[in-house]
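Encoded as structure tokens, the structure appears first; notes follow it.
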Amino acid sequence: MKEIIIQSKTSFRSSLKEIWDYRELFYFLAWRDVKVRYKQTVIGVAWALLQPFITMVVFSVFFGRVAGIQTSGIPYALFTFVGLLFWNYFSNSLSSASDSMISNRGIIQKVYFPRIILPLSSTLVFLLDFICALILFFVLALFFQQKIYIWGILFIIPALIISFLCASGFGLVAASLNVKYRDIRYALPFFIQTLIFVSPVIYPVSVLGKYQWLWFLNPMSGVIETARNLLFMTSPVNWGLFFSSAIVSLLIFLAGIWYFSKTEKWFADIV
Amino acid sequence: MKPVIEIKNLSKQYTIYHNRPSYYSLRDELVSIFKKKDSQESFWALDNISFDVNRGEIFGVIGPNGAGKSTLLKVLSRITPPTKGKVVLRGRVGSLLEVGTGFHPELSGRENVFLNGALLGMTRKEISKKFDEIVDFAGVEKFLDTPVKFYSSGMYVRLAFAVAAHLESDILLVDEVLAVGDAEFQKKCLGKMEEVTQKQGRTILFVSHNMDAIQSLCDRAVLFNQGVVVFDGAAHESVSRYLNIGNSGDLKNRGDRRGSGAVRFTRAWVENEKGEVVVTVSSGQTIRLVAEYFVSSGNIKGDFDVAFAQPRSTHGQLSDLSPATSWGKIADHGKIICELPNVPLNVGVYSFNICARVDKEIADWVLDVATFNVISGTQPIYGKIPDKDQGCFLFEQKWDIKS
């Protein structure tokens, strides 16, 4: 017979086991988000393609043509598209994770489950968006007749894992703050929008010259830059940048989990 | 055998911040560093609660608004943690604080059954196994693939309840969910709940304002008031005590009244033959419905009548009682008494409304002035008292058998 003890304090280890017990709910919530987003298949897919495509066109015109950013021989459209692939996954996941508590308020107030499932599962739907955009990337590569290297394609998996860790780490903290302070949700999009200019989505890492260490501040820069170098093989990979991204992302993720589980039990009272 | 639900010294404290907007922002927090502290106040929504519930019981929880019933359910279903104390739940818990939690309007009925089932704690396998049964219970076969936003509210509720009713948990925590849906469906739900406990030995903790449902479903009920357990015992006793809390009988401050005001009722109550105020009466006992009044404008001729109602039920008004002839001139102060010999009412909770007319014009009319609880009694003139759900009136009867 299963025995549940409810007390004022619960142990962290038992909550980890619980997340595992609720893995089916995790799946169902992710499935719900996918279903709702892709309910009208045409619009769902079109949106996943249009968002990066239009941004790419705008960036190509202004940064590629007008500003004339040097991309060591790669068509600027492809260059920026690689950045957008990961950046969109990161920013969409981050904002939907941070909003997940508020948008699922009705469930939180009425049913018990480990709350952490909500922000984590809400990032999964953007994997599908990522795949749609990735296909578009290959089409574009064909169009520009740009050679793509297999190591770059294989690298997409670890790159996605790091992006996920980073986005959900920030997302968990933001989700928790969002419950308490309702202005976070308005401040966050501004923060994300600004961050795109401090990541190598638009420029190559080399553009900063001797201030290149600045890139280490943004964990997404290692992901984007390494993916680009491996896909096009035009410049050597900066493994230091990559590993620092990976380690920082992991730390952010752990910090997010820690902060979230410290605050989650009060969510139902104040959300 | 150990109790299924064991609650020991459970307390839950909430803090209220005065002057804090419901939309609280980081900006407010930063500004408040430089300001004097928010005045805050804490109160105990649950204050040192202890009781046990045994296997197979349908256990009622009643009490006035703000008594702590919902907080108790939230703590038991682990939505919010207690401040002090401990609860042990032995078995799988399903909580039904709302029907259709997590229903998404864009998803079809079929998809929502799976989503809602998963939220209530069912595995995918269990839902698939019970799917046909759920759909059958709800009666929405034709609309399974329609998004629920196109459902009528009745269909929506039926489907939502059907999922919950098929939840295989050892302990089911139920809040007011039966207050929704049409009368027929409510009956079906109550039946389903009874069936579940009797056949499968499950335990139900049932919070409700529907005293009739509490009395017919539960053997035991606990009465809460202001965060503490006031009474824990037989359901009808709990219900009677609950009615006592609300029944001060004072009508002076009732704003929800109609009429010209030429006559005003000040108090109303139910008493027994000896003139003692009562809340609990047995079927077939003689009772009096009494109301005090005063006349506010000179000499008038008044008429009074009393209407019976069964509160918060679908039966509406049961009857209307008024004297056959007019009273003529009435005194300035007085009380009007309506005696009902061998009251022909079956088990249930009843209330009455009272109305005064002056020259056929309503002078004062107040609803639900007093509530009383009829419990089973023996009164030979009514034959064998029927089951509660067989009707609320009793008739004098003479039986004969001829050959």
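Ordered as shown in the structure tokens, chains take letters A, B, and onward, while each chain numbers its residues from 1 and ligands are numbered from 1 in the order shown.
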- [ ] Within 10 Å of Lys262 of chain A, counting only C-alpha atoms, which residues show up once you throw out same-chain ones fewer than 4 positions away? Write them as a list in words, please.
- [x] Phe12, Ser176, Gly256, Ile257, Trp258 and Trp266 of chain A
Would you put the residues from that selection into a file with all heavy atoms, as a CSV table (one decimal), in the first residue's frame?
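That gives us again-v2.csv:
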chain,number,residue,atom,x,y,z
A,12,PHE,N,14.3,16.7,-0.9
A,12,PHE,CA,14.6,16.9,-2.3
A,12,PHE,C,14.7,15.6,-3.0
A,12,PHE,O,14.3,15.5,-4.2
A,12,PHE,CB,16.0,17.7,-2.4
A,12,PHE,CG,16.3,18.1,-3.7
A,12,PHE,CD1,15.5,19.0,-4.4
A,12,PHE,CD2,17.4,17.7,-4.4
A,12,PHE,CE1,15.8,19.5,-5.7
A,12,PHE,CE2,17.7,18.1,-5.7
A,12,PHE,CZ,16.9,19.0,-6.3
A,176,SER,N,9.5,31.0,-11.8
A,176,SER,CA,9.3,31.2,-10.4
A,176,SER,C,9.1,32.6,-10.0
A,176,SER,O,8.2,33.0,-9.2
A,176,SER,CB,10.4,30.6,-9.6
A,176,SER,OG,10.3,30.8,-8.2
A,256,GLY,N,18.7,26.7,-11.7
A,256,GLY,CA,17.2,26.8,-12.0
A,256,GLY,C,16.4,25.8,-11.3
A,256,GLY,O,15.4,26.1,-10.6
A,257,ILE,N,16.8,24.5,-11.3
A,257,ILE,CA,16.1,23.5,-10.6
A,257,ILE,C,16.1,23.7,-9.1
A,257,ILE,O,15.1,23.6,-8.5
A,257,ILE,CB,16.7,22.1,-10.9
A,257,ILE,CG1,16.4,21.7,-12.4
A,257,ILE,CG2,16.2,21.0,-10.0
A,257,ILE,CD1,16.8,20.3,-12.7
A,258,TRP,N,17.3,24.1,-8.6
A,258,TRP,CA,17.4,24.4,-7.2
A,258,TRP,C,16.4,25.5,-6.8
A,258,TRP,O,15.6,25.4,-5.9
A,258,TRP,CB,18.8,24.7,-6.8
A,258,TRP,CG,19.0,25.2,-5.4
A,258,TRP,CD1,19.0,24.4,-4.3
A,258,TRP,CD2,19.1,26.5,-5.0
A,258,TRP,NE1,19.1,25.1,-3.2
A,258,TRP,CE2,19.2,26.4,-3.5
A,258,TRP,CE3,19.1,27.8,-5.6
A,258,TRP,CZ2,19.3,27.6,-2.8
A,258,TRP,CZ3,19.2,28.9,-4.8
A,258,TRP,CH2,19.3,28.8,-3.4
A,266,TRP,N,4.8,27.1,-2.8
A,266,TRP,CA,3.9,28.2,-2.5
A,266,TRP,C,3.2,28.7,-3.8
A,266,TRP,O,2.3,29.6,-3.7
A,266,TRP,CB,4.7,29.3,-1.9
A,266,TRP,CG,5.5,28.9,-0.8
A,266,TRP,CD1,6.9,28.8,-0.7
A,266,TRP,CD2,5.0,28.4,0.5
A,266,TRP,NE1,7.2,28.3,0.5
A,266,TRP,CE2,6.1,28.0,1.3
A,266,TRP,CE3,3.7,28.3,1.0
A,266,TRP,CZ2,6.0,27.5,2.6
A,266,TRP,CZ3,3.6,27.8,2.3
A,266,TRP,CH2,4.7,27.4,3.1
Open item on the list: Residues within 12 Å of segment 17-23 of chain A, please, as a ChimeraX atom specification. Count only C-alpha atoms; anything in the same chain fewer than 2 positions from it doesn't count.
Closed with: /A:4,10-15,25-30,112-118,120-121,261 /B:118-124
Open item on the list: Could you pull out the strand (DSSP E) residues of segment 143-356 of chain B, going by DSSP on the backbone, and write them as a PyMOL selection string?
Closed with: chain B and resi 171-175+203-207+220-225+228-234+257-258+263-272+280-282+287-295+302-309+317-321+333-340+348-356
Open item on the list: List the spatial neighbours of segment 379-391 of chain B as a PyMOL selection string - criterion: any atom at most 10 Å away, only C-alpha atoms, same-chain residues fewer than 3 positions off excluded.
Closed with: chain B and resi 212+215-216+282-285+342-348+375-376+394-399
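Candidate residues A:Leu251, A:Ala167, A:Val58, A:Ile6 were compared for distance to chain B, and the nearest is A:Ile6, using only C-alpha atoms.
Every chain B residue lying within 6 Å of chain A, based on only C-alpha atoms, is listed here: Tyr24, Ser25, Leu26, Arg78, Ile79, Pro81, Pro82, Thr83, Lys86, Val87, Val88, Leu89, Arg90, Gly91, Leu97, Thr101, Gly102 and Ala118 of chain B.
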Hey, can you spit out that residue selection with N, CA and C atoms as a PDB file, in the first residue's frame?
ATOM      1  N   TYR B  24       1.124  42.170  -8.137  1.00  0.00           N
ATOM      2  CA  TYR B  24       2.283  42.628  -7.382  1.00  0.00           C
ATOM      3  C   TYR B  24       3.515  42.514  -8.266  1.00  0.00           C
ATOM      4  N   SER B  25       4.263  43.598  -8.394  1.00  0.00           N
ATOM      5  CA  SER B  25       5.370  43.555  -9.332  1.00  0.00           C
ATOM      6  C   SER B  25       6.705  43.736  -8.634  1.00  0.00           C
ATOM      7  N   LEU B  26       7.744  43.401  -9.381  1.00  0.00           N
ATOM      8  CA  LEU B  26       9.099  43.547  -8.880  1.00  0.00           C
ATOM      9  C   LEU B  26       9.364  45.014  -8.548  1.00  0.00           C
ATOM     10  N   ARG B  78      -2.363  17.994  -1.642  1.00  0.00           N
ATOM     11  CA  ARG B  78      -0.964  18.426  -1.777  1.00  0.00           C
ATOM     12  C   ARG B  78      -0.767  19.627  -2.692  1.00  0.00           C
ATOM     13  N   ILE B  79      -1.822  20.399  -2.879  1.00  0.00           N
ATOM     14  CA  ILE B  79      -1.679  21.591  -3.697  1.00  0.00           C
ATOM     15  C   ILE B  79      -0.944  22.663  -2.911  1.00  0.00           C
ATOM     16  N   PRO B  81       1.164  23.297   0.945  1.00  0.00           N
ATOM     17  CA  PRO B  81       1.692  22.570   2.104  1.00  0.00           C
ATOM     18  C   PRO B  81       1.113  23.090   3.410  1.00  0.00           C
ATOM     19  N   PRO B  82       1.000  22.233   4.425  1.00  0.00           N
ATOM     20  CA  PRO B  82       0.517  22.710   5.720  1.00  0.00           C
ATOM     21  C   PRO B  82       1.606  23.513   6.421  1.00  0.00           C
ATOM     22  N   THR B  83       1.220  24.323   7.383  1.00  0.00           N
ATOM     23  CA  THR B  83       2.206  25.067   8.157  1.00  0.00           C
ATOM     24  C   THR B  83       2.733  24.194   9.297  1.00  0.00           C
ATOM     25  N   LYS B  86       0.621  16.986  10.439  1.00  0.00           N
ATOM     26  CA  LYS B  86       0.969  15.882   9.571  1.00  0.00           C
ATOM     27  C   LYS B  86      -0.292  15.198   9.066  1.00  0.00           C
ATOM     28  N   VAL B  87      -0.221  14.717   7.835  1.00  0.00           N
ATOM     29  CA  VAL B  87      -1.313  13.916   7.285  1.00  0.00           C
ATOM     30  C   VAL B  87      -0.711  12.647   6.718  1.00  0.00           C
ATOM     31  N   VAL B  88      -1.327  11.517   6.995  1.00  0.00           N
ATOM     32  CA  VAL B  88      -0.905  10.274   6.347  1.00  0.00           C
ATOM     33  C   VAL B  88      -2.063   9.776   5.498  1.00  0.00           C
ATOM     34  N   LEU B  89      -1.792   9.552   4.222  1.00  0.00           N
ATOM     35  CA  LEU B  89      -2.805   9.023   3.324  1.00  0.00           C
ATOM     36  C   LEU B  89      -2.344   7.634   2.902  1.00  0.00           C
ATOM     37  N   ARG B  90      -3.161   6.639   3.139  1.00  0.00           N
ATOM     38  CA  ARG B  90      -2.751   5.276   2.791  1.00  0.00           C
ATOM     39  C   ARG B  90      -3.490   4.831   1.538  1.00  0.00           C
ATOM     40  N   GLY B  91      -2.799   4.918   0.419  1.00  0.00           N
ATOM     41  CA  GLY B  91      -3.403   4.516  -0.840  1.00  0.00           C
ATOM     42  C   GLY B  91      -3.242   5.595  -1.877  1.00  0.00           C
ATOM     43  N   LEU B  97     -11.184  18.582  -7.338  1.00  0.00           N
ATOM     44  CA  LEU B  97     -11.517  19.878  -6.770  1.00  0.00           C
ATOM     45  C   LEU B  97     -12.337  20.698  -7.747  1.00  0.00           C
ATOM     46  N   THR B 101     -10.569  19.854 -14.942  1.00  0.00           N
ATOM     47  CA  THR B 101      -9.319  20.583 -14.775  1.00  0.00           C
ATOM     48  C   THR B 101      -8.416  20.320 -15.973  1.00  0.00           C
ATOM     49  N   GLY B 102      -7.916  21.397 -16.549  1.00  0.00           N
ATOM     50  CA  GLY B 102      -6.978  21.246 -17.652  1.00  0.00           C
ATOM     51  C   GLY B 102      -7.629  20.979 -18.994  1.00  0.00           C
ATOM     52  N   ALA B 118      -4.764  12.043 -17.321  1.00  0.00           N
ATOM     53  CA  ALA B 118      -3.361  12.077 -16.918  1.00  0.00           C
ATOM     54  C   ALA B 118      -3.158  13.072 -15.782  1.00  0.00           C
TER      55      ALA B 118
END
Task: 7 Å contact set for Glu57 of chain B, only C-alpha atoms, chain neighbours under 3 positions out, as an MDAnalysis selection string - done: chainID B and resid 53:54 203:204
- [ ] Using backbone DSSP assignments, extract all helix (DSSP H, G or I) residues from segment 7-210 of chain B; output them as an MDAnalysis selection string.
- [x] chainID B and resid 26:33 69:76 109:119 124:138 141:143 148:150 153:165 177:179 183:200
Task: Selection: 9 Å around Phe131 of chain B, only C-alpha atoms, excl. self and same-chain fewer than 3 positions, as a PyMOL selection string - done: chain B and resi 110+113-114+126-128+134-136+163
Just-selected residues, C-alpha atoms written as a short mmCIF file (atom, residue, chain, number, x, y, z; two decimals), in the first residue's frame:
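Dumped everything to again_24.cif:
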data_model
loop_
_atom_site.label_atom_id
_atom_site.label_comp_id
_atom_site.auth_asym_id
_atom_site.auth_seq_id
_atom_site.Cartn_x
_atom_site.Cartn_y
_atom_site.Cartn_z
CA ARG B 110 -11.18 12.33 -26.99
CA VAL B 113 -10.22 12.68 -21.79
CA PHE B 114 -6.61 11.60 -22.04
CA GLU B 126 -5.82 2.87 -17.60
CA ILE B 127 -7.43 5.60 -19.65
CA SER B 128 -7.42 3.50 -22.81
CA ILE B 134 -16.14 6.97 -19.79
CA VAL B 135 -17.67 7.99 -23.10
CA ASP B 136 -20.68 5.84 -22.43
CA VAL B 163 -13.35 10.95 -16.41
#
- [ ] Using atom CA of Gly201 of chain B and atom CA of Val61 of chain B as the two end points, give the distance in Å to one decimal.
- [x] 19.5 Å
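Within 12 Å of Ala331 of chain B, once only C-alpha atoms are used and residues closer than 2 positions along the same chain are dropped, the contacting residues are Val263, Glu292, Tyr293, Phe294, Val295, Ser296, Ser297, Gly298, Asn299, Ile300, Lys301, Gly302, Trp327, Gly328, Lys329, His333, Gly334, Lys335 and Ile336 of chain B.
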Open item on the list: I'd like the interatomic distance between atom CA of Leu367 of chain B and atom CA of Asp305 of chain B, to a tenth of an Å.
Closed with: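 Rounded to one decimal, the two atoms are 12.1 Å apart.
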Please list as a short mmCIF file (atom, residue, chain, number, x, y, z; two decimals) with N, CA, C and O atoms, in the first residue's frame every residue within 12 Å of Leu94 of chain A, counting only C-alpha atoms and excluding residues in the same chain fewer than 4 positions away.
data_model
loop_
_atom_site.label_atom_id
_atom_site.label_comp_id
_atom_site.auth_asym_id
_atom_site.auth_seq_id
_atom_site.Cartn_x
_atom_site.Cartn_y
_atom_site.Cartn_z
N TRP A 87 19.01 30.15 -31.79
CA TRP A 87 18.53 31.27 -31.01
C TRP A 87 17.02 31.22 -30.83
O TRP A 87 16.50 31.45 -29.74
N ASN A 88 16.28 30.89 -31.90
CA ASN A 88 14.83 30.82 -31.78
C ASN A 88 14.41 29.70 -30.83
O ASN A 88 13.48 29.87 -30.05
N TYR A 89 15.11 28.57 -30.92
CA TYR A 89 14.79 27.49 -29.98
C TYR A 89 14.99 27.99 -28.56
O TYR A 89 14.13 27.81 -27.69
N PHE A 90 16.12 28.65 -28.34
CA PHE A 90 16.44 29.14 -27.01
C PHE A 90 15.42 30.18 -26.53
O PHE A 90 14.84 30.05 -25.45
N SER A 98 8.99 30.44 -18.94
CA SER A 98 8.78 31.43 -17.90
C SER A 98 7.31 31.78 -17.77
O SER A 98 6.86 32.18 -16.71
N ASP A 99 6.56 31.59 -18.83
CA ASP A 99 5.12 31.87 -18.79
C ASP A 99 4.29 30.68 -18.32
O ASP A 99 3.11 30.81 -18.06
N SER A 100 4.93 29.51 -18.21
CA SER A 100 4.17 28.27 -18.03
C SER A 100 3.36 28.23 -16.73
O SER A 100 2.31 27.61 -16.68
N PRO A 119 7.28 23.89 -16.80
CA PRO A 119 8.26 24.63 -17.60
C PRO A 119 9.10 23.71 -18.49
O PRO A 119 9.40 24.08 -19.63
N LEU A 120 9.44 22.54 -18.00
CA LEU A 120 10.28 21.65 -18.81
C LEU A 120 9.54 21.14 -20.04
O LEU A 120 10.07 21.12 -21.14
N SER A 121 8.27 20.73 -19.83
CA SER A 121 7.55 20.17 -20.98
C SER A 121 7.19 21.25 -21.99
O SER A 121 7.06 20.97 -23.17
N SER A 122 7.06 22.49 -21.50
CA SER A 122 6.66 23.54 -22.43
C SER A 122 7.76 23.86 -23.45
O SER A 122 7.49 24.49 -24.47
N THR A 123 8.99 23.43 -23.20
CA THR A 123 10.06 23.72 -24.15
C THR A 123 10.10 22.69 -25.28
O THR A 123 10.73 22.93 -26.30
N LEU A 124 9.42 21.56 -25.07
CA LEU A 124 9.55 20.48 -26.04
C LEU A 124 8.92 20.80 -27.39
O LEU A 124 9.41 20.38 -28.43
N PHE A 126 8.98 23.29 -29.06
CA PHE A 126 9.84 24.07 -29.96
C PHE A 126 10.89 23.21 -30.65
O PHE A 126 11.52 23.65 -31.60
N SER A 163 21.39 24.01 -25.49
CA SER A 163 20.40 25.08 -25.59
C SER A 163 19.23 24.82 -24.65
O SER A 163 18.71 25.73 -24.00
N PHE A 164 18.83 23.55 -24.59
CA PHE A 164 17.72 23.18 -23.70
C PHE A 164 18.08 23.46 -22.25
O PHE A 164 17.31 24.05 -21.49
N LEU A 165 19.29 23.04 -21.84
CA LEU A 165 19.72 23.25 -20.45
C LEU A 165 19.73 24.73 -20.12
O LEU A 165 19.24 25.16 -19.07
N CYS A 166 20.27 25.51 -21.03
CA CYS A 166 20.40 26.93 -20.81
C CYS A 166 19.02 27.60 -20.75
O CYS A 166 18.72 28.35 -19.81
N ALA A 167 18.16 27.29 -21.75
CA ALA A 167 16.84 27.92 -21.79
C ALA A 167 16.01 27.51 -20.59
O ALA A 167 15.35 28.35 -19.97
N SER A 168 16.02 26.22 -20.23
CA SER A 168 15.16 25.83 -19.12
C SER A 168 15.73 26.28 -17.79
O SER A 168 14.97 26.52 -16.86
N GLY A 169 17.06 26.39 -17.68
CA GLY A 169 17.63 26.93 -16.45
C GLY A 169 17.15 28.34 -16.19
O GLY A 169 16.60 28.64 -15.13
N PHE A 170 17.32 29.20 -17.19
CA PHE A 170 16.80 30.58 -17.07
C PHE A 170 15.28 30.56 -16.92
O PHE A 170 14.70 31.32 -16.15
N GLY A 171 14.64 29.68 -17.70
CA GLY A 171 13.18 29.60 -17.70
C GLY A 171 12.63 29.24 -16.33
O GLY A 171 11.61 29.77 -15.90
N LEU A 172 13.29 28.31 -15.64
CA LEU A 172 12.82 27.90 -14.31
C LEU A 172 12.87 29.07 -13.32
O LEU A 172 11.93 29.28 -12.55
N VAL A 173 13.96 29.80 -13.37
CA VAL A 173 14.08 30.96 -12.47
C VAL A 173 13.02 32.00 -12.82
O VAL A 173 12.30 32.50 -11.96
N ALA A 174 12.90 32.26 -14.13
CA ALA A 174 11.92 33.27 -14.56
C ALA A 174 10.50 32.83 -14.23
O ALA A 174 9.67 33.65 -13.81
N ALA A 175 10.20 31.54 -14.39
CA ALA A 175 8.86 31.03 -14.10
C ALA A 175 8.52 31.27 -12.64
O ALA A 175 7.42 31.69 -12.29
N ARG A 185 7.04 39.13 -16.76
CA ARG A 185 6.66 38.67 -18.10
C ARG A 185 6.74 39.77 -19.15
O ARG A 185 6.78 39.50 -20.34
N LEU A 188 10.88 40.36 -19.55
CA LEU A 188 11.67 39.28 -20.15
C LEU A 188 11.83 39.37 -21.68
O LEU A 188 12.94 39.22 -22.19
N PRO A 189 10.75 39.62 -22.44
CA PRO A 189 10.91 39.70 -23.90
C PRO A 189 11.93 40.76 -24.30
O PRO A 189 12.73 40.56 -25.22
N PHE A 191 14.50 41.70 -22.52
CA PHE A 191 15.78 41.11 -22.17
C PHE A 191 16.25 40.14 -23.27
O PHE A 191 17.39 40.19 -23.72
N ILE A 192 15.33 39.29 -23.71
CA ILE A 192 15.69 38.31 -24.75
C ILE A 192 16.06 39.01 -26.05
O ILE A 192 17.04 38.66 -26.72
N GLN A 193 15.27 40.02 -26.39
CA GLN A 193 15.52 40.75 -27.63
C GLN A 193 16.89 41.42 -27.63
O GLN A 193 17.58 41.45 -28.64
N PHE A 253 21.24 25.42 -15.46
CA PHE A 253 20.15 24.45 -15.35
C PHE A 253 20.00 23.97 -13.90
O PHE A 253 18.89 23.96 -13.35
N GLY A 256 18.66 26.65 -11.75
CA GLY A 256 17.23 26.83 -12.03
C GLY A 256 16.41 25.80 -11.28
O GLY A 256 15.41 26.13 -10.64
#
TODO: For atom CA of Trp239 of chain A and atom CA of Leu84 of chain A, quote the distance in Å rounded to one decimal.
DONE: 21.0 Å
